[in-house]
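Student: This is the structure I have questions about; it appears just below.
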Amino acid sequence: MPSRGGNHINHPPLRHLDGKFWTRTPVHSNVVALVRLIIPRLFLFLCVLCLGMTGTSLAERKSAPVIGAAPPQPVEMNLKIRREGKTEIPLRIYGKANEPLKYLIRVGPVNGKVSEPQAKEREISTVIYEPPADLSITTDKFAYAVQSGAGVSAAVEVQITILDRPPQLGIQDRIDFGTIRAGATNYRMMEISNKGGLIATGEVIVDAPWKIEGKTAYRLRADEIAVFKVIFAPDAGGKSEGVARYTSDPQHSTTLMGVAEAAIAANPPQWALQQTPGEATRSGTFELLNQLDEPRTIQLKADPRLKAPAQVTLAAHGGANVTVEAASPDADGFDAAIQLVAPDFSIAIPVHVPALGAIMRATPQSMTFGRLATGTQPSERFTVENIGGASGRVAWEISPPFRTPETSVTLQAGEKKEFALELETKLPGRYRTWLKFRSGAQSFDLPVEAEIAATGGGRRIAAGSPGSPSIPGGVAPADPGASPEADESAPAPAPIPVPGWVTDSQLPRGVRVSKITATSAVIEWPASISPATRFRVDMRQLKIGADHRIEISWVQPTGIPIERKGDTYNAVLTDMSPGQPWTVRILPLQANGEVGAPLFTVEFFTPGKLSIGRRLAHPSLLQLLVIGLTLLIGWQAWQRWGRRHA
């Protein structure tokens, strides 16, 4: 088909997608070629432009924060560290940042020191913390923050607890004080140190015979040293071993050793006084021994409550007795000491004084019923008192015809009571006995006398009246001439006095005279008869007076030894005349030197010296043995002579 217009180009027909053919015109072909040329180049330009815009955005994103992003969060910490040395502390964040971080110290520590953060990894830095030297400070803190591309975080705290090691006490294992004389002193210096850790606070404790001069307390910081002066002061001889203890470290101790040579020894080592039975005296006698090769004079410095000699002299390797008494009137017991002082030593002897026990007294000192008729019912009263410092029980007894309705009583200190003593008057006679008291170790007797005459009337008989005994100390016989009905209106006569020289009709139990020879004798009596420890011996003496009458008196011979053997006292009488009667009495001496009532009066005879004829007439058993042996030897000699001449 011809086209409309001018020149035209023939093109092959184009097939449409629906199968139809259409033809291209020249203008249409130019446009298509232009598009094909421009579109690839435009696409390339747009790609380059897009790539340039993308690079600019990444660069800008690296250099400027993105609005709305937050920096990472640092980690809070609660740490425990030791005081000694320095500690490295790592600083971190929660999670990951994927970029390098910078840590900042916002608030420094209150007491210690902290270094500037040093980066160790991309997200981790460390600081060095140095604790304070003051051991009283046990806590500290500081604050830090973290900086990233998004900015700086809020600060967080690091809480620090400072731990200290226990004190390390350095002590000596053993201290030897060597050998010294008892009573002298020796010392050693003892060091203790704190090798590190907390402050060592405590006290050094030692026991006798060691002591510490000055203060015993210590307070040691680390690497400090304390020095103590330990003194060895033994009072007695022997080997001593002890320990020094430390209250801050009870598991460890220091052994202390020393040896003492006793110069003066006390026997026993501790003195205990005893109360004299029935007396308020508390005393004792003890021995001091000198173990040196030379004599010594020792000064005794006693407690004010004690009474002792001011000094005592001891021979070389000799001894001496020392009597100590309680000077205090206080009834309570107490402990004291006596110091033995010499130029080169001093020894303390402990003394124990017991409490004052019960002390019983009976009054009157003697009881006399006088001369009574049979059939009466007489009664006397006596009082018992406790003058001691403690309560006690006292019992008493008496032999018939006397009796007491009560036989014992318990008395408090300072208490006294009265009791009855009765007499049976059925049998006439003269009676003298003792009312015996016993209270613990104390014992004493109260003499009792009565005379019963064989008369009626129920009253006391006058002195010198019929029926009085003719023999002193004997039993009065019944008086048949006495009237049973006496004058009731007559005044009661005074009791008949008993002569002081009359011997006892009944001796106390245990009293006897033994070992009687022509010139000597021994009087024995039990120690329980009297609380006294000293006695006097009297001998009765008869002589013709100026009026040619016999005078009776008592003399006190000298040089009579009285010694105690067990529970018995012995008085040895010597230089006596043979073939003579002797009347002897024993009297107690009180503590104040006064003489008490006689304990008893005895009478005995010393045998006379026999002549040769009387000795042969009354040979002894030994003499008979000698005579028999002599006759036997003579008979054997005669038999031998006869055989030889047969």
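Residues in the structure tokens are numbered from 1 in each chain, the chains being A, B, ... in the order shown, and ligands are numbered from 1 in the order shown.
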Identify, on the basis of only C-alpha atoms, every residue whose closest approach to range 308-324 of chain A does not exceed 7 Å; exclude the query and any residue fewer than 3 positions from it along the same chain; express the result as a list in words.
Tutor: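 Close residues of range 308-324 of chain A: Ser283, Gly284, Thr285, Phe286, Glu287, Leu288, Leu289, Asn290, Gln291, Leu292, Asp293, Glu294, Pro295, Arg296, Thr297, Ile298, Gln299, Leu300, Lys301 and Ala302 of chain A.
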Student: Could you write those residues out with all heavy atoms, as a compact mmCIF listing (two decimals), in the first residue's frame?
Tutor:
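Generated output (again.txt):
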# COMPACT_ATOMS: atom_id res chain seq x y z
N SER A 283 48.32 -20.85 168.14
CA SER A 283 49.78 -20.78 168.02
C SER A 283 50.31 -22.05 167.40
O SER A 283 49.57 -23.01 167.14
CB SER A 283 50.41 -20.56 169.40
OG SER A 283 50.10 -21.65 170.26
N GLY A 284 51.61 -22.06 167.17
CA GLY A 284 52.29 -23.22 166.62
C GLY A 284 53.78 -23.02 166.68
O GLY A 284 54.28 -21.88 166.66
N THR A 285 54.51 -24.11 166.78
CA THR A 285 55.97 -24.08 166.78
C THR A 285 56.47 -24.82 165.55
O THR A 285 56.08 -25.97 165.31
CB THR A 285 56.53 -24.73 168.06
OG1 THR A 285 56.04 -24.01 169.19
CG2 THR A 285 58.04 -24.68 168.06
N PHE A 286 57.32 -24.14 164.79
CA PHE A 286 57.78 -24.69 163.51
C PHE A 286 59.30 -24.60 163.45
O PHE A 286 59.94 -23.95 164.28
CB PHE A 286 57.14 -23.92 162.36
CG PHE A 286 55.65 -23.76 162.51
CD1 PHE A 286 55.11 -22.60 163.03
CD2 PHE A 286 54.81 -24.79 162.15
CE1 PHE A 286 53.74 -22.46 163.18
CE2 PHE A 286 53.44 -24.67 162.30
CZ PHE A 286 52.90 -23.49 162.81
N GLU A 287 59.86 -25.24 162.44
CA GLU A 287 61.31 -25.38 162.34
C GLU A 287 61.83 -24.68 161.09
O GLU A 287 61.23 -24.75 160.03
CB GLU A 287 61.69 -26.85 162.31
CG GLU A 287 63.19 -27.11 162.38
CD GLU A 287 63.53 -28.59 162.38
OE1 GLU A 287 62.67 -29.38 161.93
OE2 GLU A 287 64.62 -28.95 162.82
N LEU A 288 62.96 -23.99 161.26
CA LEU A 288 63.71 -23.41 160.15
C LEU A 288 65.03 -24.15 160.04
O LEU A 288 65.72 -24.36 161.05
CB LEU A 288 63.95 -21.92 160.36
CG LEU A 288 62.73 -21.00 160.28
CD1 LEU A 288 63.14 -19.56 160.55
CD2 LEU A 288 62.06 -21.11 158.92
N LEU A 289 65.41 -24.53 158.82
CA LEU A 289 66.63 -25.30 158.58
C LEU A 289 67.58 -24.49 157.71
O LEU A 289 67.18 -23.96 156.66
CB LEU A 289 66.30 -26.63 157.91
CG LEU A 289 65.36 -27.57 158.67
CD1 LEU A 289 65.00 -28.77 157.83
CD2 LEU A 289 65.98 -27.99 159.98
N ASN A 290 68.83 -24.42 158.12
CA ASN A 290 69.87 -23.73 157.37
C ASN A 290 70.61 -24.76 156.51
O ASN A 290 71.24 -25.68 157.03
CB ASN A 290 70.84 -23.02 158.31
CG ASN A 290 71.90 -22.24 157.56
OD1 ASN A 290 71.85 -22.11 156.34
ND2 ASN A 290 72.88 -21.73 158.30
N GLN A 291 70.54 -24.61 155.20
CA GLN A 291 71.19 -25.54 154.29
C GLN A 291 72.50 -24.99 153.73
O GLN A 291 73.02 -25.51 152.74
CB GLN A 291 70.23 -25.90 153.15
CG GLN A 291 68.91 -26.46 153.66
CD GLN A 291 68.04 -27.02 152.56
OE1 GLN A 291 68.40 -28.00 151.92
NE2 GLN A 291 66.90 -26.40 152.33
N LEU A 292 73.01 -23.94 154.36
CA LEU A 292 74.26 -23.34 153.93
C LEU A 292 75.41 -23.83 154.78
O LEU A 292 75.23 -24.41 155.86
CB LEU A 292 74.15 -21.81 154.02
CG LEU A 292 73.03 -21.17 153.18
CD1 LEU A 292 72.98 -19.68 153.44
CD2 LEU A 292 73.23 -21.45 151.70
N ASP A 293 76.62 -23.57 154.30
CA ASP A 293 77.82 -24.00 155.02
C ASP A 293 78.27 -22.99 156.06
O ASP A 293 79.29 -23.21 156.73
CB ASP A 293 78.97 -24.24 154.03
CG ASP A 293 78.66 -25.38 153.08
OD1 ASP A 293 77.91 -26.29 153.49
OD2 ASP A 293 79.15 -25.35 151.93
N GLU A 294 77.57 -21.89 156.19
CA GLU A 294 77.93 -20.89 157.19
C GLU A 294 76.69 -20.51 157.99
O GLU A 294 75.56 -20.66 157.51
CB GLU A 294 78.51 -19.62 156.53
CG GLU A 294 77.51 -18.84 155.69
CD GLU A 294 77.39 -19.34 154.27
OE1 GLU A 294 78.10 -20.33 153.92
OE2 GLU A 294 76.58 -18.77 153.51
N PRO A 295 76.86 -20.06 159.24
CA PRO A 295 75.70 -19.66 160.06
C PRO A 295 75.03 -18.42 159.47
O PRO A 295 75.67 -17.61 158.80
CB PRO A 295 76.31 -19.40 161.44
CG PRO A 295 77.75 -19.10 161.16
CD PRO A 295 78.13 -19.91 159.97
N ARG A 296 73.75 -18.30 159.76
CA ARG A 296 72.99 -17.18 159.25
C ARG A 296 72.07 -16.63 160.33
O ARG A 296 71.49 -17.39 161.12
CB ARG A 296 72.14 -17.59 158.05
CG ARG A 296 72.91 -17.66 156.75
CD ARG A 296 73.44 -16.28 156.37
NE ARG A 296 74.15 -16.31 155.11
CZ ARG A 296 73.57 -16.03 153.94
NH1 ARG A 296 72.30 -15.72 153.89
NH2 ARG A 296 74.28 -16.08 152.84
N THR A 297 71.94 -15.31 160.35
CA THR A 297 70.96 -14.64 161.19
C THR A 297 69.86 -14.11 160.28
O THR A 297 70.12 -13.30 159.40
CB THR A 297 71.58 -13.49 162.00
OG1 THR A 297 72.59 -14.03 162.87
CG2 THR A 297 70.53 -12.78 162.83
N ILE A 298 68.65 -14.59 160.48
CA ILE A 298 67.53 -14.28 159.61
C ILE A 298 66.58 -13.33 160.33
O ILE A 298 66.23 -13.54 161.51
CB ILE A 298 66.77 -15.56 159.21
CG1 ILE A 298 67.74 -16.60 158.67
CG2 ILE A 298 65.69 -15.25 158.19
CD1 ILE A 298 68.48 -16.17 157.44
N GLN A 299 66.19 -12.26 159.64
CA GLN A 299 65.18 -11.34 160.17
C GLN A 299 63.79 -11.87 159.80
O GLN A 299 63.56 -12.29 158.68
CB GLN A 299 65.38 -9.94 159.58
CG GLN A 299 66.77 -9.36 159.79
CD GLN A 299 67.08 -9.13 161.25
OE1 GLN A 299 66.20 -8.75 162.03
NE2 GLN A 299 68.33 -9.34 161.62
N LEU A 300 62.87 -11.82 160.77
CA LEU A 300 61.50 -12.27 160.56
C LEU A 300 60.57 -11.05 160.57
O LEU A 300 60.47 -10.36 161.58
CB LEU A 300 61.06 -13.26 161.63
CG LEU A 300 61.48 -14.72 161.45
CD1 LEU A 300 62.98 -14.88 161.67
CD2 LEU A 300 60.70 -15.63 162.38
N LYS A 301 59.96 -10.79 159.44
CA LYS A 301 59.00 -9.70 159.33
C LYS A 301 57.62 -10.31 159.22
O LYS A 301 57.22 -10.82 158.17
CB LYS A 301 59.30 -8.84 158.11
CG LYS A 301 60.64 -8.11 158.21
CD LYS A 301 60.87 -7.19 157.02
CE LYS A 301 62.19 -6.45 157.15
NZ LYS A 301 62.42 -5.54 155.99
N ALA A 302 56.89 -10.27 160.34
CA ALA A 302 55.59 -10.94 160.43
C ALA A 302 54.47 -9.98 160.09
O ALA A 302 54.59 -8.75 160.22
CB ALA A 302 55.38 -11.53 161.82
Student: Skipping near chain neighbours, those fewer than 4 positions away, what residues fall within 12 Å of Val584 in chain A using only C-alpha atoms, listed as a ChimeraX atom specification?
Tutor: /A:500-504,512-513,521-524,536-541,553-557,571-573,598-605
Student: Mind checking which residues fall within 9 Å of Leu135 in chain A, counting only C-alpha atoms, ignoring those fewer than 6 positions away in the same chain, and posting them as JSON, numbers by chain?
Tutor: {"A": [83, 164, 198, 199, 221]}
Student: Please save C-alpha atoms of the selected residues as a PDB file, in the first residue's frame.
Tutor:
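After the write, again.pdb holds the following:
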ATOM      1  CA  ARG A  83      44.446  -4.724 102.774  1.00  0.00           C
ATOM      2  CA  ASP A 164      42.507  -7.923 107.203  1.00  0.00           C
ATOM      3  CA  LEU A 198      45.152  -6.860 112.423  1.00  0.00           C
ATOM      4  CA  ILE A 199      46.283  -5.190 115.641  1.00  0.00           C
ATOM      5  CA  ARG A 221      50.331  -3.247 114.850  1.00  0.00           C
TER       6      ARG A 221
END
Student: Any idea what the distance is between CA of Asp575 in chain A and CA of Ser520 in chain A?
Tutor: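 Between CA of Asp575 in chain A and CA of Ser520 in chain A the gap works out to 6.4 Å.
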Student: Taking only C-alpha atoms into account, which of A:Leu101, A:Leu542, A:Ile562, A:Val409 comes nearest Thr583 in chain A?
Tutor: A:Leu542
Student: What's the 7 Å shell around Ile93 in chain A, counting only C-alpha atoms, without same-chain residues fewer than 6 positions away, as a list in words?
Tutor: Pro72, Gln73, Pro74 and Val75 of chain A
Student: May I ask which of the residues A:Ala454, A:Ala331, A:Gln365, A:Gly375 is the closest one to Ile387 in chain A, counting only C-alpha atoms?
Tutor: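 Among A:Ala454, A:Ala331, A:Gln365, A:Gly375, it is A:Ala331 that comes nearest to Ile387 in chain A.
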Student: If you count only C-alpha atoms, which residues fall within 10 Å of Gly392 in chain A, apart from same-chain ones fewer than 4 positions away, as a count of residues only?
Tutor: 13
Student: Can you list, as a VMD selection string, all residues belonging to range 60-209 of chain A that DSSP tags as helix (DSSP H, G or I)?
Tutor: chain A and resid 60 to 63
Student: Find the residues around range 183-197 of chain A up to 8 Å (only C-alpha atoms counted), leave out those fewer than 5 positions away in its own chain, and share them as a VMD selection string.
Tutor: chain A and resid 164 to 172 175 177 220 to 236 262 to 263 344 to 347
